[in-house]
Structure formats: structure tokens, C-alpha cells
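What follows is a single structure, written as C-alpha cells, with notes after it.
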Amino acid sequence: MRAAVLVFPGSNCDRDMAVALRTAGADVTMVWHKDTNLPEGLDVVAIPGGFSFGDYLRCGAIAGRSPICRSVIDFANRGGFVLGVCNGFQILTETGLLPGALMRNAGLKFVCKSVGLRVETTESAFTSGYVKDQVISIPIAHHDGNYNLSPDDLAALQDQHRIAFRYDANPNGSVDNIAGVLSENRRVLGMMPHPERAVDPAHPSTDGQPFFASLLEQMANT
């Protein structure tokens with residue numbers, strides 16, 4: 001599997017994401033935000049966490065207008081797989097690839113801890129390695145993870161089973177305890193928790209391993 005990890009000024013989880021993908025068996029290329037084209041032959045694009053452009057204006061707003069994001073949108077519209085984690089999720093909402101917006105945490109404080117995530121669907125390349133309703137332990141680290149969207153968009157996510165993960169105990173005020181959502185074709189996933197920080201035996205949990213393993217398995221069979 002060939003993967004690209006985007007890098008913006010302020011990205012701080014790009015290497016973590018690259019390590020997780022490489023450990024699972026992917027060939028990873030780091031792509032700078034000012035590049036205008038993605039490498040040829042990619043299977044998946046990963047947009048990592050961090051504080052792109054210092055979170056000025058709105059989290060992910062400037063990054064979402066970087067030259068490389070035009071190619072990411074085209075890639076996604078052609079059916080490519082795209083993963084956005086934390087700041088990457090914020091960027092995906094800013095590009096319009098996913099509905100909603102990430103706002104300041106309800107407690108108005110940065111939250112950094114491991115949380116319980118309930119797997120809401122296994123019908124995606126990202127979640128097929130889990131069992132529905134399985135609770136996994138994945139770290140979060142964000143100040144603006146409060147996911148909000150219109151009632152109509154929420155109803156669509158619920159009706160189409162596009163909510164990938166829910167928090168067992170809501171840490172940020174997100175509507176309906178949502179921690180991660182899928183696009184209509186189920187090939188774009190945005191999530192606030194960091195599965196790339198739960199893949200090594202030295203991490204508090206290795207519950208992120210099935211996430212990346214199932215993604216690579218699905219790529220191999222696509």
C-alpha cells in the first residue's frame with residue numbers, strides 16, 4: 001500500500017502517523033503543504049494532528065486552503081481513501097469533505113488522556129478490524145474537539161450508519177458523543193482520537209493496531 005502523510009507548519013503528529021503506517025506495512029511519502037500534486041499511485045492520504053498554521057483564524061481553516069488540499073479533494077472525489085486525525089479532522093471539515101465543524105471543548109480546556117471509544121460500524125476499511133460495539137482505548141489531545149453539525153446532517157450520519165466511533169464518556173461536548181465520522185462513500189474518515197498513538201507496546205494501549213492493519217488489508221483487496 002502506498003500512503004502519503006501531509007505536513008503543514010505546526011503539524012506535530014506527522015511522523016507518528018508515518019511510523020504507524022510503515023509499521024503496518026505501508027510505503028509512506030511525506031508531502032509538504034505547498035506541493036500542488038500528490039504522488040502517483042497512492043492508496044490513502046493521511047492528514048495528521050497538530051496545530052497547522054498555529055490554529056489561527058479557525059483550526060484547520062488555513063491548512064484547508066493550502067495548495068495540496070485541492071489535490072486531496074480531487075483524490076477523495078475519485079474514490080481515494082483519506083484519513084484525518086485531530087487537526088486532520090478539522091481540515092477535512094474545512095475542505096467540505098466531511099460535514100460539521102470542530103469547536104472549542106465544552107470545558108474550555110485542552111484535554112489529553114486515553115478515552116474509551118465505542119466502534120459504531122465495521123462497514124469501512126478503517127473499522128473492519130474491530131467488532132461492532134467493541135470499546136477500545138485510544139488517546140485524545142485537543143482543545144477544539146467539540147463536534148457540531150446541523151440536525152439534518154446529524155440525521156444523515158445516523159440514518160446512513162456513518163458514525164464510526166462514539167465516546168464512552170464525552171470529553172469535549174461533541175453532539176451525540178461523536179468521535180469520528182465517515183463520508184457518504186465510507187472512504188473518508190475524520191476522527192479526533194489518535195489511533196497512531198496506540199500501536200506500539202510502549203504505548204498505554206495497542207488498540208490502534210487493528211485500525212491500521214484493517215486499512216492495509218482492505219487496500220490489498222481493493
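Just so we're on the same page: first chain in the C-alpha cells is A, next is B, and so on; residues restart at 1 for each chain, and ligands are numbered from 1 in the order they show up.
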Please list as a CSV table (one decimal) with N, CA and C atoms, in the first residue's frame every residue within 8 Å of Val45 of chain A, counting only C-alpha atoms and excluding residues in the same chain fewer than 3 positions away.
chain,number,residue,atom,x,y,z
A,3,ALA,N,1.1,5.2,0.8
A,3,ALA,CA,0.4,6.2,1.6
A,3,ALA,C,1.1,7.5,1.5
A,4,ALA,N,0.4,8.6,1.6
A,4,ALA,CA,1.0,10.0,1.8
A,4,ALA,C,0.6,10.6,3.1
A,5,VAL,N,1.5,11.2,3.8
A,5,VAL,CA,1.2,11.9,5.0
A,5,VAL,C,1.5,13.4,4.8
A,6,LEU,N,0.5,14.2,4.9
A,6,LEU,CA,0.7,15.7,4.7
A,6,LEU,C,1.4,16.3,5.8
A,42,LEU,N,-1.1,6.5,-5.3
A,42,LEU,CA,-1.5,6.4,-3.8
A,42,LEU,C,-2.7,5.6,-3.6
A,72,VAL,N,-6.0,16.8,-2.6
A,72,VAL,CA,-6.6,15.8,-1.7
A,72,VAL,C,-8.1,15.7,-2.0
A,80,GLY,N,-10.6,7.9,-3.6
A,80,GLY,CA,-9.4,7.6,-2.8
A,80,GLY,C,-9.7,7.6,-1.3
A,81,PHE,N,-9.0,6.9,-0.6
A,81,PHE,CA,-9.1,6.8,0.9
A,81,PHE,C,-8.4,8.0,1.5
A,82,VAL,N,-9.1,8.6,2.5
A,82,VAL,CA,-8.5,9.8,3.2
A,82,VAL,C,-8.8,9.6,4.7
A,83,LEU,N,-7.7,9.8,5.5
A,83,LEU,CA,-7.8,9.7,6.9
A,83,LEU,C,-7.4,11.1,7.5
As a PyMOL selection string, please: the residues near segment 151-162 of chain A (cut-off 6 Å, only C-alpha atoms, same-chain neighbours under 2 positions excluded). chain A and resi 164+181-182
Go ahead and write the selection's residues with N, CA and C atoms as a PDB file, in the first residue's frame.
ATOM      1  N   ALA A 164     -18.547   6.515  12.900  1.00  0.00           N
ATOM      2  CA  ALA A 164     -17.578   5.435  13.041  1.00  0.00           C
ATOM      3  C   ALA A 164     -17.297   5.113  14.503  1.00  0.00           C
ATOM      4  N   VAL A 181     -16.372  10.281  12.076  1.00  0.00           N
ATOM      5  CA  VAL A 181     -17.441  10.133  11.090  1.00  0.00           C
ATOM      6  C   VAL A 181     -16.864   9.774   9.722  1.00  0.00           C
ATOM      7  N   LEU A 182     -17.700   9.146   8.895  1.00  0.00           N
ATOM      8  CA  LEU A 182     -17.339   8.711   7.560  1.00  0.00           C
ATOM      9  C   LEU A 182     -18.063   9.541   6.504  1.00  0.00           C
TER      10      LEU A 182
END
Distance criterion (only C-alpha atoms): nearest to Thr122 of chain A out of A:Leu215, A:Ala101, A:Leu92, A:Ala179: A:Leu215
As number ranges by chain, please: the residues near Asp176 of chain A (cut-off 10 Å, only C-alpha atoms, same-chain neighbours under 2 positions excluded). A: 147-148, 154, 158, 163, 166-167, 170, 173-174, 178-179
Step one, run DSSP on the backbone; step two, keep only residues of segment 31-209 of chain A assigned to alpha helix (DSSP H); then write them as a VMD selection string. chain A and resid 67 to 77 87 to 95 151 to 159 209
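If only C-alpha atoms are the atoms counted, then among A:Asp168, A:Gly96, A:Val115, A:Asn146 the closest residue to Asp133 of chain A is A:Asp168.
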If you run DSSP over the backbone, which residues in segment 70-169 of chain A end up strand (DSSP E or B)? Put them as a tab-separated table (two decimals) with N, CA and C atoms, in the first residue's frame.
chain	number	residue	atom	x	y	z
A	81	PHE	N	-8.95	6.86	-0.56
A	81	PHE	CA	-9.14	6.81	0.89
A	81	PHE	C	-8.38	7.96	1.55
A	82	VAL	N	-9.05	8.65	2.47
A	82	VAL	CA	-8.46	9.78	3.17
A	82	VAL	C	-8.75	9.64	4.66
A	83	LEU	N	-7.71	9.79	5.47
A	83	LEU	CA	-7.84	9.73	6.93
A	83	LEU	C	-7.39	11.05	7.52
A	84	GLY	N	-8.23	11.66	8.34
A	84	GLY	CA	-7.86	12.88	9.05
A	84	GLY	C	-8.02	12.68	10.54
A	85	VAL	N	-6.93	12.88	11.28
A	85	VAL	CA	-6.93	12.67	12.73
A	85	VAL	C	-6.71	14.00	13.44
A	101	ALA	N	-18.39	20.96	12.06
A	101	ALA	CA	-17.27	21.80	12.46
A	101	ALA	C	-16.81	21.38	13.85
A	102	LEU	N	-15.53	21.59	14.10
A	102	LEU	CA	-14.95	21.30	15.42
A	102	LEU	C	-14.77	22.60	16.17
A	103	MET	N	-15.41	22.70	17.34
A	103	MET	CA	-15.40	23.93	18.12
A	103	MET	C	-14.62	23.72	19.40
A	111	VAL	N	-7.62	18.90	26.49
A	111	VAL	CA	-7.83	17.59	27.10
A	111	VAL	C	-6.83	16.61	26.51
A	112	CYS	N	-6.07	15.93	27.35
A	112	CYS	CA	-5.07	14.97	26.89
A	112	CYS	C	-5.12	13.74	27.79
A	113	LYS	N	-5.68	12.65	27.27
A	113	LYS	CA	-5.81	11.42	28.05
A	113	LYS	C	-6.28	10.31	27.14
A	114	SER	N	-6.24	9.08	27.63
A	114	SER	CA	-6.82	7.97	26.89
A	114	SER	C	-8.32	7.91	27.19
A	115	VAL	N	-9.10	7.61	26.17
A	115	VAL	CA	-10.55	7.54	26.34
A	115	VAL	C	-11.06	6.23	25.76
A	116	GLY	N	-12.23	5.84	26.22
A	116	GLY	CA	-12.91	4.69	25.65
A	116	GLY	C	-13.69	5.10	24.42
A	117	LEU	N	-13.48	4.38	23.31
A	117	LEU	CA	-14.23	4.62	22.08
A	117	LEU	C	-15.06	3.40	21.76
A	118	ARG	N	-16.31	3.63	21.45
A	118	ARG	CA	-17.18	2.54	21.03
A	118	ARG	C	-17.22	2.49	19.49
A	119	VAL	N	-16.93	1.32	18.94
A	119	VAL	CA	-16.96	1.13	17.49
A	119	VAL	C	-18.41	1.02	17.05
A	135	VAL	N	-15.36	-1.66	22.65
A	135	VAL	CA	-14.82	-0.44	23.26
A	135	VAL	C	-13.30	-0.55	23.26
A	136	ILE	N	-12.65	0.41	22.62
A	136	ILE	CA	-11.20	0.42	22.54
A	136	ILE	C	-10.66	1.65	23.26
A	137	SER	N	-9.41	1.59	23.64
A	137	SER	CA	-8.77	2.70	24.37
A	137	SER	C	-7.81	3.42	23.43
A	138	ILE	N	-8.10	4.69	23.14
A	138	ILE	CA	-7.32	5.49	22.21
A	138	ILE	C	-7.09	6.88	22.84
A	139	PRO	N	-5.88	7.45	22.71
A	139	PRO	CA	-5.62	8.76	23.30
A	139	PRO	C	-6.29	9.90	22.54
A	140	ILE	N	-6.62	10.96	23.26
A	140	ILE	CA	-7.03	12.22	22.66
A	140	ILE	C	-6.08	13.31	23.14
A	141	ALA	N	-5.98	14.38	22.37
A	141	ALA	CA	-5.16	15.54	22.75
A	141	ALA	C	-5.63	16.72	21.92
A	142	HIS	N	-6.60	17.47	22.44
A	142	HIS	CA	-7.16	18.56	21.65
A	142	HIS	C	-7.81	19.63	22.53
A	146	ASN	N	-14.89	19.67	19.96
A	146	ASN	CA	-16.34	19.66	20.19
A	146	ASN	C	-17.05	19.64	18.83
A	147	TYR	N	-17.45	18.46	18.39
A	147	TYR	CA	-18.00	18.29	17.04
A	147	TYR	C	-19.46	18.69	17.00
A	148	ASN	N	-19.77	19.62	16.09
A	148	ASN	CA	-21.15	20.08	15.93
A	148	ASN	C	-21.53	20.09	14.45
A	163	ILE	N	-21.51	7.17	11.49
A	163	ILE	CA	-20.77	7.48	12.71
A	163	ILE	C	-19.85	6.29	12.98
A	164	ALA	N	-18.55	6.52	12.90
A	164	ALA	CA	-17.58	5.44	13.04
A	164	ALA	C	-17.30	5.11	14.50
A	165	PHE	N	-17.14	6.16	15.32
A	165	PHE	CA	-16.80	5.99	16.73
A	165	PHE	C	-17.59	6.97	17.58
A	166	ARG	N	-17.98	6.53	18.77
A	166	ARG	CA	-18.55	7.42	19.77
A	166	ARG	C	-17.73	7.31	21.06
A	167	TYR	N	-17.66	8.40	21.81
A	167	TYR	CA	-17.01	8.38	23.11
A	167	TYR	C	-17.87	7.63	24.12
Selection: 9 Å around segment 211-213 of chain A, only C-alpha atoms, excl. self and same-chain fewer than 5 positions, as an NGL selection string: :A and (20-21 or 23-25 or 125-130 or 195-196 or 199 or 218)
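Between atom CA of Thr121 of chain A and atom CA of Asn177 of chain A there is a distance of 14.6 Å.
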Looking at A:Gly49, A:Gly79, A:Pro204, A:Pro67, which one is nearest to Met191 of chain A, with distances taken over only C-alpha atoms? A:Gly49
For Arg22 of chain A, find every residue with an atom within 10 Å (counting only C-alpha atoms), except residues of its own chain fewer than 4 positions away, and show them as number ranges by chain. A: 1-3, 16-18, 26-28, 212
Just N, CA and C atoms for this one: save the residues we selected as a PDB file, in the first residue's frame.
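The file below, out12.pdb, is the result:
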ATOM      1  N   MET A   1       0.840  -1.193   0.000  1.00  0.00           N
ATOM      2  CA  MET A   1       0.000   0.000   0.000  1.00  0.00           C
ATOM      3  C   MET A   1       0.871   1.236   0.000  1.00  0.00           C
ATOM      4  N   ARG A   2       0.511   2.213  -0.812  1.00  0.00           N
ATOM      5  CA  ARG A   2       1.230   3.480  -0.858  1.00  0.00           C
ATOM      6  C   ARG A   2       0.408   4.550  -0.147  1.00  0.00           C
ATOM      7  N   ALA A   3       1.052   5.213   0.799  1.00  0.00           N
ATOM      8  CA  ALA A   3       0.373   6.224   1.603  1.00  0.00           C
ATOM      9  C   ALA A   3       1.142   7.532   1.544  1.00  0.00           C
ATOM     10  N   ASP A  16       4.511  10.462  13.741  1.00  0.00           N
ATOM     11  CA  ASP A  16       3.793   9.387  14.434  1.00  0.00           C
ATOM     12  C   ASP A  16       2.904   8.627  13.451  1.00  0.00           C
ATOM     13  N   MET A  17       2.186   9.375  12.607  1.00  0.00           N
ATOM     14  CA  MET A  17       1.316   8.749  11.626  1.00  0.00           C
ATOM     15  C   MET A  17       2.120   7.925  10.630  1.00  0.00           C
ATOM     16  N   ALA A  18       3.249   8.470  10.178  1.00  0.00           N
ATOM     17  CA  ALA A  18       4.088   7.751   9.218  1.00  0.00           C
ATOM     18  C   ALA A  18       4.625   6.459   9.824  1.00  0.00           C
ATOM     19  N   ALA A  26       2.947  -0.138   5.129  1.00  0.00           N
ATOM     20  CA  ALA A  26       2.751   0.805   4.031  1.00  0.00           C
ATOM     21  C   ALA A  26       4.070   1.444   3.608  1.00  0.00           C
ATOM     22  N   ASP A  27       4.123   1.812   2.346  1.00  0.00           N
ATOM     23  CA  ASP A  27       5.200   2.631   1.801  1.00  0.00           C
ATOM     24  C   ASP A  27       4.732   4.079   1.910  1.00  0.00           C
ATOM     25  N   VAL A  28       5.415   4.886   2.742  1.00  0.00           N
ATOM     26  CA  VAL A  28       4.916   6.215   3.105  1.00  0.00           C
ATOM     27  C   VAL A  28       5.781   7.318   2.503  1.00  0.00           C
ATOM     28  N   PHE A 212      -4.998   0.202  11.638  1.00  0.00           N
ATOM     29  CA  PHE A 212      -4.084   0.295  10.502  1.00  0.00           C
ATOM     30  C   PHE A 212      -3.966  -1.035   9.770  1.00  0.00           C
TER      31      PHE A 212
END
I'd like the neighbourhood of segment 31-34 of chain A as number ranges by chain, where a residue qualifies if any of its atoms comes within 12 Å (using only C-alpha atoms), though same-chain residues fewer than 4 positions away should be ignored. A: 3-11, 14-15, 18, 38-39, 42, 45-48, 52-53, 62-72
I need the residue nearest Gly107 of chain A from this list: A:Pro210, A:Gly145, A:Gly88, A:Gly190. Use only C-alpha atoms for the distance. A:Gly145
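The nearest approach to Ile91 of chain A among the residues A:Arg58, A:Thr36, A:Phe110, A:Asn77, with only C-alpha atoms taken into account, belongs to A:Arg58.
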